[in-house]
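As stored in model16.cif (mmCIF, C-alpha atoms (C1' of nucleotides)):
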```
data_upload
loop_
_atom_site.group_PDB
_atom_site.id
_atom_site.type_symbol
_atom_site.label_atom_id
_atom_site.label_comp_id
_atom_site.auth_asym_id
_atom_site.auth_seq_id
_atom_site.Cartn_x
_atom_site.Cartn_y
_atom_site.Cartn_z
ATOM 1 C CA MET A 68 -5.934 82.522 179.049
ATOM 2 C CA ASN A 69 -4.296 80.944 176.064
ATOM 3 C CA PRO A 70 -3.266 83.688 173.667
ATOM 4 C CA GLN A 71 -3.729 81.343 170.675
ATOM 5 C CA ALA A 72 -7.422 80.377 170.920
ATOM 6 C CA GLU A 73 -10.200 80.539 168.357
ATOM 7 C CA PRO A 74 -11.309 84.005 167.246
ATOM 8 C CA LEU A 75 -14.990 84.921 167.021
ATOM 9 C CA CYS A 76 -14.641 85.961 163.397
ATOM 10 C CA GLU A 77 -15.126 82.402 162.239
ATOM 11 C CA GLU A 78 -18.693 82.010 163.464
ATOM 12 C CA PRO A 79 -21.411 83.910 161.620
ATOM 13 C CA HIS A 80 -22.400 87.129 163.379
ATOM 14 C CA SER A 81 -25.987 85.900 163.719
ATOM 15 C CA GLN A 82 -25.305 83.161 166.272
ATOM 16 C CA ARG A 83 -22.429 84.624 168.206
ATOM 17 C CA ARG A 84 -22.578 84.486 171.966
ATOM 18 C CA GLU A 85 -21.765 87.778 173.667
ATOM 19 C CA THR A 86 -18.444 86.483 174.919
ATOM 20 C CA ARG A 87 -16.584 89.711 175.550
ATOM 21 C CA LYS A 88 -17.348 91.597 178.731
ATOM 22 C CA PRO A 89 -19.100 94.896 178.077
ATOM 23 C CA SER A 90 -16.238 96.994 179.432
ATOM 24 C CA VAL A 91 -13.177 96.853 181.649
ATOM 25 C CA ASP A 92 -13.045 98.976 184.798
ATOM 26 C CA GLU A 93 -12.302 102.328 183.191
ATOM 27 C CA ALA A 94 -10.857 103.918 186.319
ATOM 28 C CA ALA A 95 -8.364 101.121 186.906
ATOM 29 C CA LEU A 96 -7.483 101.122 183.256
ATOM 30 C CA GLY A 97 -6.794 104.844 183.368
ATOM 31 C CA ARG A 98 -4.534 104.537 186.405
ATOM 32 C CA ALA A 99 -2.641 101.620 184.884
ATOM 33 C CA ALA A 100 -2.157 103.586 181.676
ATOM 34 C CA GLU A 101 -0.890 106.599 183.615
ATOM 35 C CA LEU A 102 1.655 104.418 185.374
ATOM 36 C CA PHE A 103 2.861 102.892 182.110
ATOM 37 C CA ALA A 104 2.955 106.297 180.427
ATOM 38 C CA ALA A 105 5.231 107.617 183.167
ATOM 39 C CA LEU A 106 7.564 104.672 182.550
ATOM 40 C CA GLY A 107 7.334 105.046 178.798
ATOM 41 C CA ASP A 108 9.856 107.810 178.300
ATOM 42 C CA PRO A 109 13.593 107.048 178.023
ATOM 43 C CA PRO A 110 14.813 109.987 180.132
ATOM 44 C CA ARG A 111 12.358 109.170 182.906
ATOM 45 C CA LEU A 112 13.115 105.476 182.789
ATOM 46 C CA ARG A 113 16.828 106.277 182.938
ATOM 47 C CA LEU A 114 16.125 108.375 186.013
ATOM 48 C CA LEU A 115 14.400 105.408 187.625
ATOM 49 C CA ALA A 116 17.309 103.167 186.691
ATOM 50 C CA LEU A 117 19.618 105.619 188.439
ATOM 51 C CA LEU A 118 17.396 105.647 191.507
ATOM 52 C CA ALA A 119 17.414 101.854 191.471
ATOM 53 C CA GLN A 120 21.059 102.176 192.530
ATOM 54 C CA GLY A 121 20.016 104.128 195.589
ATOM 55 C CA PRO A 122 18.338 107.362 196.699
ATOM 56 C CA ALA A 123 19.681 110.649 195.380
ATOM 57 C CA CYS A 124 18.943 114.339 195.526
ATOM 58 C CA VAL A 125 17.945 116.415 192.533
ATOM 59 C CA SER A 126 21.328 118.042 192.024
ATOM 60 C CA ASP A 127 23.121 114.684 191.967
ATOM 61 C CA LEU A 128 20.655 113.350 189.441
ATOM 62 C CA ALA A 129 21.071 116.503 187.368
ATOM 63 C CA GLU A 130 24.824 116.001 187.402
ATOM 64 C CA ASP A 131 24.550 112.320 186.471
ATOM 65 C CA GLU A 132 22.196 113.106 183.635
ATOM 66 C CA GLN A 133 24.015 116.251 182.557
ATOM 67 C CA GLU A 134 20.778 118.213 182.646
ATOM 68 C CA GLY A 135 19.441 121.231 184.471
ATOM 69 C CA MET A 136 17.753 120.748 187.812
ATOM 70 C CA SER A 137 14.558 122.190 186.458
ATOM 71 C CA THR A 138 14.327 119.488 183.805
ATOM 72 C CA ILE A 139 15.037 116.743 186.326
ATOM 73 C CA SER A 140 12.542 118.186 188.762
ATOM 74 C CA GLN A 141 9.834 118.189 186.108
ATOM 75 C CA ARG A 142 10.509 114.552 185.270
ATOM 76 C CA LEU A 143 10.465 113.585 188.922
ATOM 77 C CA LYS A 144 7.131 115.319 189.239
ATOM 78 C CA VAL A 145 5.647 113.004 186.626
ATOM 79 C CA LEU A 146 7.165 109.946 188.312
ATOM 80 C CA ARG A 147 5.815 111.113 191.641
ATOM 81 C CA ALA A 148 2.335 111.656 190.225
ATOM 82 C CA ALA A 149 2.434 108.014 189.144
ATOM 83 C CA SER A 150 3.558 106.978 192.652
ATOM 84 C CA LEU A 151 6.796 105.584 191.270
ATOM 85 C CA VAL A 152 9.118 107.643 193.445
ATOM 86 C CA ARG A 153 8.954 109.082 196.921
ATOM 87 C CA ARG A 154 10.673 112.166 198.274
ATOM 88 C CA ARG A 155 11.797 113.390 201.637
ATOM 89 C CA ARG A 156 13.573 116.548 202.633
ATOM 90 C CA GLN A 157 17.007 116.426 204.224
ATOM 91 C CA GLY A 158 18.244 119.896 205.068
ATOM 92 C CA LYS A 159 18.510 121.857 201.856
ATOM 93 C CA HIS A 160 18.272 118.722 199.750
ATOM 94 C CA VAL A 161 15.289 116.766 198.564
ATOM 95 C CA ILE A 162 16.068 113.085 198.381
ATOM 96 C CA TYR A 163 14.234 110.938 195.880
ATOM 97 C CA ALA A 164 13.952 107.159 195.997
ATOM 98 C CA LEU A 165 11.940 104.486 194.246
ATOM 99 C CA ALA A 166 8.558 104.192 195.942
ATOM 100 C CA ASP A 167 8.876 100.532 196.957
ATOM 101 C CA GLN A 168 10.405 97.183 196.113
ATOM 102 C CA HIS A 169 7.651 96.606 193.610
ATOM 103 C CA VAL A 170 8.927 99.494 191.486
ATOM 104 C CA VAL A 171 12.527 98.305 191.842
ATOM 105 C CA ASP A 172 11.494 94.919 190.465
ATOM 106 C CA LEU A 173 9.478 96.516 187.685
ATOM 107 C CA VAL A 174 12.430 98.566 186.469
ATOM 108 C CA PHE A 175 14.911 95.692 186.675
ATOM 109 C CA ASN A 176 12.523 93.292 184.980
ATOM 110 C CA ALA A 177 11.809 95.705 182.164
ATOM 111 C CA LEU A 178 15.496 96.284 181.512
ATOM 112 C CA ALA A 179 16.322 92.593 181.750
ATOM 113 C CA HIS A 180 13.490 91.700 179.411
ATOM 114 C CA ALA A 181 14.496 94.386 176.931
ATOM 115 C CA SER A 182 18.112 93.258 177.039
ATOM 116 C CA GLU A 183 17.285 89.692 176.110
ATOM 117 C CA ALA A 184 14.510 90.445 173.619
ATOM 118 C CA GLN A 185 16.324 92.115 170.741
ATOM 119 C CA VAL A 186 18.210 90.896 167.657
ATOM 120 C CA VAL A 187 16.134 87.894 166.535
ATOM 121 C CA GLY A 188 12.740 89.067 167.682
ATOM 122 C CA LYS A 189 12.171 86.552 170.456
ATOM 123 C CA SER A 190 9.086 84.579 169.447
ATOM 124 C CA LYS A 191 8.562 82.489 172.618
ATOM 125 C CA GLU A 192 8.967 83.812 176.191
ATOM 126 C CA MET B 82 18.354 96.955 196.409
ATOM 127 C CA ASN B 83 16.772 98.693 199.368
ATOM 128 C CA PRO B 84 14.945 101.782 198.133
ATOM 129 C CA GLN B 85 15.547 103.563 201.463
ATOM 130 C CA ALA B 86 19.355 103.680 201.664
ATOM 131 C CA GLU B 87 21.730 106.600 202.264
ATOM 132 C CA PRO B 88 21.913 109.216 199.524
ATOM 133 C CA LEU B 89 25.238 110.504 198.235
ATOM 134 C CA CYS B 90 24.296 114.126 198.977
ATOM 135 C CA GLU B 91 25.451 113.735 202.570
ATOM 136 C CA GLU B 92 29.119 113.141 201.816
ATOM 137 C CA PRO B 93 31.180 116.068 200.508
ATOM 138 C CA HIS B 94 31.657 115.969 196.747
ATOM 139 C CA SER B 95 35.419 115.872 197.127
ATOM 140 C CA GLN B 96 35.640 112.344 198.553
ATOM 141 C CA ARG B 97 32.727 110.687 196.831
ATOM 142 C CA ARG B 98 33.295 107.314 195.290
ATOM 143 C CA GLU B 99 31.951 106.991 191.758
ATOM 144 C CA THR B 100 29.121 104.762 192.880
ATOM 145 C CA ARG B 101 26.697 105.222 190.041
ATOM 146 C CA LYS B 102 27.397 103.348 186.858
ATOM 147 C CA PRO B 103 28.335 105.660 183.983
ATOM 148 C CA SER B 104 25.222 104.739 181.976
ATOM 149 C CA VAL B 105 22.553 102.087 181.607
ATOM 150 C CA ASP B 106 22.356 100.095 178.385
ATOM 151 C CA GLU B 107 20.721 102.744 176.216
ATOM 152 C CA ALA B 108 19.360 100.300 173.656
ATOM 153 C CA ALA B 109 17.613 98.164 176.252
ATOM 154 C CA LEU B 110 16.342 101.257 177.973
ATOM 155 C CA GLY B 111 14.898 102.526 174.724
ATOM 156 C CA ARG B 112 13.097 99.249 174.014
ATOM 157 C CA ALA B 113 11.736 99.059 177.545
ATOM 158 C CA ALA B 114 10.476 102.630 177.275
ATOM 159 C CA GLU B 115 8.830 101.868 173.938
ATOM 160 C CA LEU B 116 7.040 98.910 175.479
ATOM 161 C CA PHE B 117 5.799 100.974 178.418
ATOM 162 C CA ALA B 118 4.797 103.831 176.132
ATOM 163 C CA ALA B 119 2.690 101.466 174.055
ATOM 164 C CA LEU B 120 0.928 100.355 177.243
ATOM 165 C CA GLY B 121 0.589 103.898 178.486
ATOM 166 C CA ASP B 122 -2.492 104.914 176.548
ATOM 167 C CA PRO B 123 -5.995 104.016 177.786
ATOM 168 C CA PRO B 124 -7.455 103.079 174.378
ATOM 169 C CA ARG B 125 -4.490 100.822 173.601
ATOM 170 C CA LEU B 126 -4.520 99.237 177.033
ATOM 171 C CA ARG B 127 -8.251 98.626 176.670
ATOM 172 C CA LEU B 128 -7.547 96.906 173.376
ATOM 173 C CA LEU B 129 -5.074 94.617 175.115
ATOM 174 C CA ALA B 130 -7.600 93.907 177.844
ATOM 175 C CA LEU B 131 -10.044 92.863 175.137
ATOM 176 C CA LEU B 132 -7.459 90.632 173.511
ATOM 177 C CA ALA B 133 -6.753 89.105 176.916
ATOM 178 C CA GLN B 134 -10.185 87.484 176.550
ATOM 179 C CA GLY B 135 -9.091 85.813 173.351
ATOM 180 C CA PRO B 136 -7.941 86.528 169.800
ATOM 181 C CA ALA B 137 -10.063 88.764 167.613
ATOM 182 C CA CYS B 138 -10.065 90.318 164.174
ATOM 183 C CA VAL B 139 -9.927 94.041 163.540
ATOM 184 C CA SER B 140 -13.599 94.430 162.687
ATOM 185 C CA ASP B 141 -14.693 92.707 165.898
ATOM 186 C CA LEU B 142 -12.406 94.929 167.931
ATOM 187 C CA ALA B 143 -13.708 97.975 166.086
ATOM 188 C CA GLU B 144 -17.252 96.941 166.908
ATOM 189 C CA ASP B 145 -16.434 96.288 170.565
ATOM 190 C CA GLU B 146 -14.708 99.637 170.878
ATOM 191 C CA GLN B 147 -17.231 101.504 168.762
ATOM 192 C CA GLU B 148 -14.456 102.932 166.624
ATOM 193 C CA GLY B 149 -13.463 102.870 162.992
ATOM 194 C CA MET B 150 -11.221 100.090 161.733
ATOM 195 C CA SER B 151 -8.569 102.573 160.756
ATOM 196 C CA THR B 152 -8.256 103.833 164.313
ATOM 197 C CA ILE B 153 -8.066 100.305 165.690
ATOM 198 C CA SER B 154 -5.543 99.309 163.075
ATOM 199 C CA GLN B 155 -3.319 102.257 163.964
ATOM 200 C CA ARG B 156 -3.427 101.312 167.623
ATOM 201 C CA LEU B 157 -2.644 97.700 166.844
ATOM 202 C CA LYS B 158 0.298 98.879 164.790
ATOM 203 C CA VAL B 159 1.811 100.533 167.852
ATOM 204 C CA LEU B 160 1.160 97.443 169.979
ATOM 205 C CA ARG B 161 2.740 95.276 167.316
ATOM 206 C CA ALA B 162 5.811 97.496 167.075
ATOM 207 C CA ALA B 163 6.254 96.918 170.802
ATOM 208 C CA SER B 164 5.874 93.146 170.298
ATOM 209 C CA LEU B 165 2.797 93.098 172.509
ATOM 210 C CA VAL B 166 0.470 91.529 169.965
ATOM 211 C CA ARG B 167 0.843 89.096 167.106
ATOM 212 C CA ARG B 168 -1.214 88.811 163.943
ATOM 213 C CA ARG B 169 -2.050 86.100 161.486
ATOM 214 C CA ARG B 170 -4.224 86.137 158.431
ATOM 215 C CA GLN B 171 -7.280 83.903 158.195
ATOM 216 C CA GLY B 172 -9.059 84.314 154.895
ATOM 217 C CA LYS B 173 -10.162 87.898 154.612
ATOM 218 C CA HIS B 174 -9.625 88.508 158.295
ATOM 219 C CA VAL B 175 -6.532 89.429 160.240
ATOM 220 C CA ILE B 176 -6.583 87.896 163.689
ATOM 221 C CA TYR B 177 -4.769 89.632 166.509
ATOM 222 C CA ALA B 178 -3.759 88.032 169.787
ATOM 223 C CA LEU B 179 -1.558 88.909 172.735
ATOM 224 C CA ALA B 180 2.022 87.997 171.874
ATOM 225 C CA ASP B 181 2.560 85.551 174.728
ATOM 226 C CA GLN B 182 1.580 84.591 178.258
ATOM 227 C CA HIS B 183 4.022 87.152 179.567
ATOM 228 C CA VAL B 184 1.929 89.955 178.076
ATOM 229 C CA VAL B 185 -1.276 88.393 179.389
ATOM 230 C CA ASP B 186 0.191 88.467 182.889
ATOM 231 C CA LEU B 187 1.455 92.001 182.456
ATOM 232 C CA VAL B 188 -1.989 93.296 181.492
ATOM 233 C CA PHE B 189 -3.806 91.414 184.265
ATOM 234 C CA ASN B 190 -1.251 92.464 186.867
ATOM 235 C CA ALA B 191 -1.418 96.092 185.847
ATOM 236 C CA LEU B 192 -5.200 96.145 186.040
ATOM 237 C CA ALA B 193 -5.268 94.241 189.320
ATOM 238 C CA HIS B 194 -2.669 96.541 190.821
ATOM 239 C CA ALA B 195 -4.499 99.647 189.619
ATOM 240 C CA SER B 196 -7.788 98.330 190.999
ATOM 241 C CA GLU B 197 -6.429 97.904 194.493
ATOM 242 C CA ALA B 198 -4.319 101.056 194.572
ATOM 243 C CA GLN B 199 -6.862 103.862 194.467
ATOM 244 C CA VAL B 200 -8.931 105.813 197.016
ATOM 245 C CA VAL B 201 -6.450 106.353 199.847
ATOM 246 C CA GLY B 202 -3.264 106.664 197.848
ATOM 247 C CA LYS B 203 -1.604 103.421 198.864
ATOM 248 C CA SER B 204 1.626 104.355 200.677
ATOM 249 C CA LYS B 205 2.952 100.824 201.310
ATOM 250 C CA GLU B 206 2.641 98.043 198.704
ATOM 251 C "C1'" DT C 144 16.309 139.456 209.176
ATOM 252 C "C1'" DC C 145 18.999 138.864 204.988
ATOM 253 C "C1'" DA C 146 21.550 136.242 201.754
ATOM 254 C "C1'" DT C 147 22.171 132.002 199.788
ATOM 255 C "C1'" DC C 148 21.573 127.388 198.159
ATOM 256 C "C1'" DA C 149 18.441 123.636 196.479
ATOM 257 C "C1'" DT C 150 14.366 122.931 194.426
ATOM 258 C "C1'" DT C 151 9.927 123.912 192.405
ATOM 259 C "C1'" DT C 152 6.645 126.317 189.612
ATOM 260 C "C1'" DC C 153 5.220 129.060 185.681
ATOM 261 C "C1'" DA C 154 4.751 130.253 181.014
ATOM 262 C "C1'" DA C 155 6.194 129.951 176.304
ATOM 263 C "C1'" DT C 156 7.959 127.295 172.727
ATOM 264 C "C1'" DA C 157 9.058 123.073 170.434
ATOM 265 C "C1'" DA C 158 8.272 118.333 169.687
ATOM 266 C "C1'" DT C 159 5.564 114.299 169.804
ATOM 267 C "C1'" DC C 160 1.369 111.684 169.550
ATOM 268 C "C1'" DG C 161 -3.483 110.286 168.355
ATOM 269 C "C1'" DT C 162 -7.321 110.654 165.229
ATOM 270 C "C1'" DT C 163 -9.423 111.018 160.918
ATOM 271 C "C1'" DC C 164 -10.404 110.502 156.073
ATOM 272 C "C1'" DA C 165 -9.028 109.110 151.735
ATOM 273 C "C1'" DA C 166 -6.343 106.271 148.968
ATOM 274 C "C1'" DC C 167 -4.368 101.915 148.621
ATOM 275 C "C1'" DC C 168 -3.521 96.743 149.135
ATOM 276 C "C1'" DG C 169 -4.616 91.716 149.440
ATOM 277 C "C1'" DA C 170 -7.706 87.861 149.487
ATOM 278 C "C1'" DT C 171 -11.969 86.015 148.002
ATOM 279 C "C1'" DG C 172 -15.645 84.634 144.963
ATOM 280 C "C1'" DA C 173 -18.329 85.612 140.767
ATOM 281 C "C1'" DT D 211 -10.616 89.490 135.327
ATOM 282 C "C1'" DC D 212 -13.529 92.473 138.164
ATOM 283 C "C1'" DA D 213 -16.048 93.820 142.269
ATOM 284 C "C1'" DT D 214 -16.131 93.510 146.967
ATOM 285 C "C1'" DC D 215 -14.816 93.071 151.682
ATOM 286 C "C1'" DG D 216 -11.361 93.518 155.414
ATOM 287 C "C1'" DG D 217 -7.481 95.843 156.610
ATOM 288 C "C1'" DT D 218 -3.550 99.069 156.161
ATOM 289 C "C1'" DT D 219 -1.098 103.275 155.113
ATOM 290 C "C1'" DG D 220 -0.205 108.313 154.515
ATOM 291 C "C1'" DA D 221 -0.915 112.977 155.399
ATOM 292 C "C1'" DA D 222 -3.093 116.743 157.860
ATOM 293 C "C1'" DC D 223 -4.864 118.519 161.798
ATOM 294 C "C1'" DG D 224 -5.598 119.116 166.755
ATOM 295 C "C1'" DA D 225 -4.288 117.857 171.252
ATOM 296 C "C1'" DT D 226 -0.815 116.406 174.652
ATOM 297 C "C1'" DT D 227 3.651 116.528 176.390
ATOM 298 C "C1'" DA D 228 8.563 117.859 177.122
ATOM 299 C "C1'" DT D 229 12.025 121.446 177.608
ATOM 300 C "C1'" DT D 230 13.706 125.833 178.835
ATOM 301 C "C1'" DG D 231 14.768 130.002 181.430
ATOM 302 C "C1'" DA D 232 12.998 133.080 184.725
ATOM 303 C "C1'" DA D 233 10.633 133.964 188.792
ATOM 304 C "C1'" DA D 234 9.009 132.051 193.232
ATOM 305 C "C1'" DT D 235 9.479 129.039 197.417
ATOM 306 C "C1'" DG D 236 11.639 126.830 201.481
ATOM 307 C "C1'" DA D 237 15.363 125.800 204.537
ATOM 308 C "C1'" DT D 238 19.676 127.223 206.386
ATOM 309 C "C1'" DG D 239 23.234 129.906 208.536
ATOM 310 C "C1'" DA D 240 25.181 134.469 209.336
#
```
Could you write out this structure as structure tokens?
Amino acid sequence: MNPQAEPLCEEPHSQRRETRKPSVDEAALGRAAELFAALGDPPRLRLLALLAQGPACVSDLAEDEQEGMSTISQRLKVLRAASLVRRRRQGKHVIYALADQHVVDLVFNALAHASEAQVVGKSKE
Amino acid sequence: MNPQAEPLCEEPHSQRRETRKPSVDEAALGRAAELFAALGDPPRLRLLALLAQGPACVSDLAEDEQEGMSTISQRLKVLRAASLVRRRRQGKHVIYALADQHVVDLVFNALAHASEAQVVGKSKE
DNA sequence: TCATCATTTCAATAATCGTTCAACCGATGA
DNA sequence: TCATCGGTTGAACGATTATTGAAATGATGA
């Protein structure tokens, strides 16, 4: 839909059609919001960016981020709850990786978009 | 990059190449996180879903959402700070619309993805 | 089995975020 | 100019959310 169409405000309330759907699917909306919320924290997003370079265990991530394992583990828990990362055990280590290619693309796209979008404000695409 | 590659944990620390980049662009990461965070709240995402049906003024949105204008305005402020919506004045009204087609797609994709992803847990795309 | 290493969980504290109401602003029309 | 309507802002409060260290778990090797 064209983002620059005519608003309803112009017509008098009396003869307005009921254009807007009563409600969006609340469940889907909640899941989508949860996914975005998990992505919406710099330390967690940085963790995903690290994982975009390849799988890693918690201690490696903790070293890279200069944080305690507990902190990293808590963040990974949030990312896992949002199905953004997957884990598997390998001996004593637990290896984390981005859940699928879709997430890889999402992270790269977000960073690319954010890299190009600053300074002037980027009015069109 | 393939999400299921070999983790660094396997090789001994001593002879590990410095594979991981020292740090991601922090500024871009921060902006990307801010964008996701703005999307990561059900009421705000619902507002965007409403705007995906066409531009609207604050009072219409308030009516649709059954909320006070102040609340709606505060939410729109967050969305605007993340460059997700645009506003223009029209007489007494302030008309909000999704910032561009890119945002329209983002919202629709998120909702579509969340609609298909439930129930079983969705292990592969 | 015991000791140890890697990781997770728990609980408490600190920080952040969303909502609300009241005051304020900006445009309109009398 | 004043009154009014639509919208915004600011501050206070309550509710989430993140971080931290300590205790618990799980796998390994002696």
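Neighbours of His160 in chain A closer than or equal to 8 Å, with only C-alpha atoms (C1' of nucleotides) counted and sequence neighbours fewer than 2 positions away skipped, come out as Cys124, Val125, Arg156, Gln157, Gly158 and Ile162 of chain A; Cys90 of chain B; DA149 and DT150 of chain C.
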Q: Starting from chain D, keep only residues with some atom at most 10 Å from an atom of chain B, counting all atoms listed in the file, and report them as a list in words.
A: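 For chain D, the answer reads DC215, DG216, DG217, DT218 and DT219 of chain D.
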Q: Kindly determine which residues of chain A lie within 8 Å of chain B, considering all atoms listed in the file, and give the answer as an MDAnalysis selection string.
A: chainID A and resid 68:76 87 91 94:109 112:113 116:117 119:124 127 160 162 164:169 171 177:182 191:192
(Q) Counting all atoms listed in the file, which residues sit no farther than 10 Å from the position (-2.7, 115.5, 159.8) in the file's frame? I'd like them as a PyMOL selection string. (A) (chain C and resi 162-164) or (chain D and resi 220-224)
Please report as JSON lines every residue of chain C lying within 12 Å of chain A, along with the nearest atom pair and their distance in Å (one decimal), using all atoms listed in the file.
```
{"residue": "C:DT147", "atom": "C1'", "partner": "A:Lys159", "partner_atom": "CA", "distance": 11.0}
{"residue": "C:DC148", "atom": "C1'", "partner": "A:Lys159", "partner_atom": "CA", "distance": 7.3}
{"residue": "C:DA149", "atom": "C1'", "partner": "A:Lys159", "partner_atom": "CA", "distance": 5.7}
{"residue": "C:DT150", "atom": "C1'", "partner": "A:Val161", "partner_atom": "CA", "distance": 7.5}
{"residue": "C:DT151", "atom": "C1'", "partner": "A:Ser140", "partner_atom": "CA", "distance": 7.3}
{"residue": "C:DT152", "atom": "C1'", "partner": "A:Gln141", "partner_atom": "CA", "distance": 9.4}
{"residue": "C:DC153", "atom": "C1'", "partner": "A:Ser137", "partner_atom": "CA", "distance": 11.6}
{"residue": "C:DT159", "atom": "C1'", "partner": "A:Asp108", "partner_atom": "CA", "distance": 11.5}
```
Q: For CA of Leu142 in chain B and CA of Arg156 in chain B, determine how far apart the two atoms are, in Å to one decimal place.
A: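 Here the two named atoms are 11.0 Å from each other.
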Q: Work out how far apart CA of Leu143 in chain A and CA of Leu115 in chain A are and give it in Å to one decimal.
A: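 Taking CA of Leu143 in chain A as the start and CA of Leu115 in chain A as the end point, the length is 9.2 Å.
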Q.
When the PyMOL selection byres ((chain C and resi 156-158) around 12) is applied to the structure above, which residues does it catch, written out as an NGL selection string?
A. (:C and (154-155 or 159-160)) or (:D and (226-231))
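One distance worth recording is that between CA of Leu151 in chain A and CA of Thr138 in chain A, which is 17.5 Å.
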Would you compute, for all listed atoms of range 170-181 of chain A, the axis-aligned bounding box grown by 3 Å on each side, and then report its centre and edge lengths in Å rounded to one decimal, as lines of an AutoDock Vina configuration file?
```
center_x = 12.6
center_y = 95.6
center_z = 184.4
size_x = 13.4
size_y = 13.8
size_z = 20.9
```
